[in-house]
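Asker: First the structure, which I've put down as structure tokens, then a few questions once you've had a look.
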Amino acid sequence: MKLHRFSFKLIILIIICILLSTFYGWIDTRPTWDDTGITVFAVLITSFIFSILMTKYAWLWAIIIGAGIGLFNVFLSANYGALIVMLFAFAGAYSGVVVKKLIFEKNSDKKVK
């Protein structure tokens, strides 16, 4: 079976995204970690960057990043409120889509004229 360049890129990005999500979830469940703002910022930026890299899979990046933190909190500390991180993951991912489309449309308008 031959992998296309795009599917190889997708697999690599999924692996990196899962590793980052697991790391964020592990950090967030540490007893000494109480900086929710930093965790939310990391989720926003990470999902934003991944969705700029591959906008077609913005929903996937949001689910992977948000689920990693949410599941760690649910299973390790029974904190179901941490699932709200999914909202921030989707906000970051679809903000990346909007920014990429605005940049792409702006650049394509310059080429047409």
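Residue names in the structure tokens use chain letters A, B, ... in the order shown, residue numbers from 1 in each chain, and ligand numbers from 1 in the order shown.
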Return as a ChimeraX atom specification the full set of residues in chain A whose backbone-based DSSP assignment is alpha helix (DSSP H).
Answerer: /A:5-28,36-53,58-77,85-112
Asker: Excluding region 83-91 of chain A and residues on its chain fewer than 3 positions from it, collect all residues at most 8 Å away from it, counting only C-alpha atoms, and give them as an MDAnalysis selection string.
Answerer: chainID A and resid 40 43:44 47 58:59 61:63 65:67 69:71 80 94:95
Asker: Considering only C-alpha atoms, return as number ranges by chain whatever protein or nucleic-acid residues lie within 12 Å of Tyr57 (chain A), sequence-local ones (same chain, fewer than 6 positions apart) excluded.
Answerer: A: 6-7, 9-11, 13-14, 17, 47-51, 63-64, 90, 93-94, 96-97
Asker: Which residue gives the smallest distance to Thr55 (chain A) among A:Val74, A:Ile103, A:Ile38, A:Val98, with only C-alpha atoms counted?
Answerer: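 Nearest candidate to Thr55 (chain A) out of A:Val74, A:Ile103, A:Ile38, A:Val98: A:Val98.
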Asker: In Å to one decimal, how far is CA of Tyr24 (chain A) from CA of Thr46 (chain A)?
Answerer: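 Interatomic distance, CA of Thr46 (chain A) to CA of Tyr24 (chain A): 10.4 Å.
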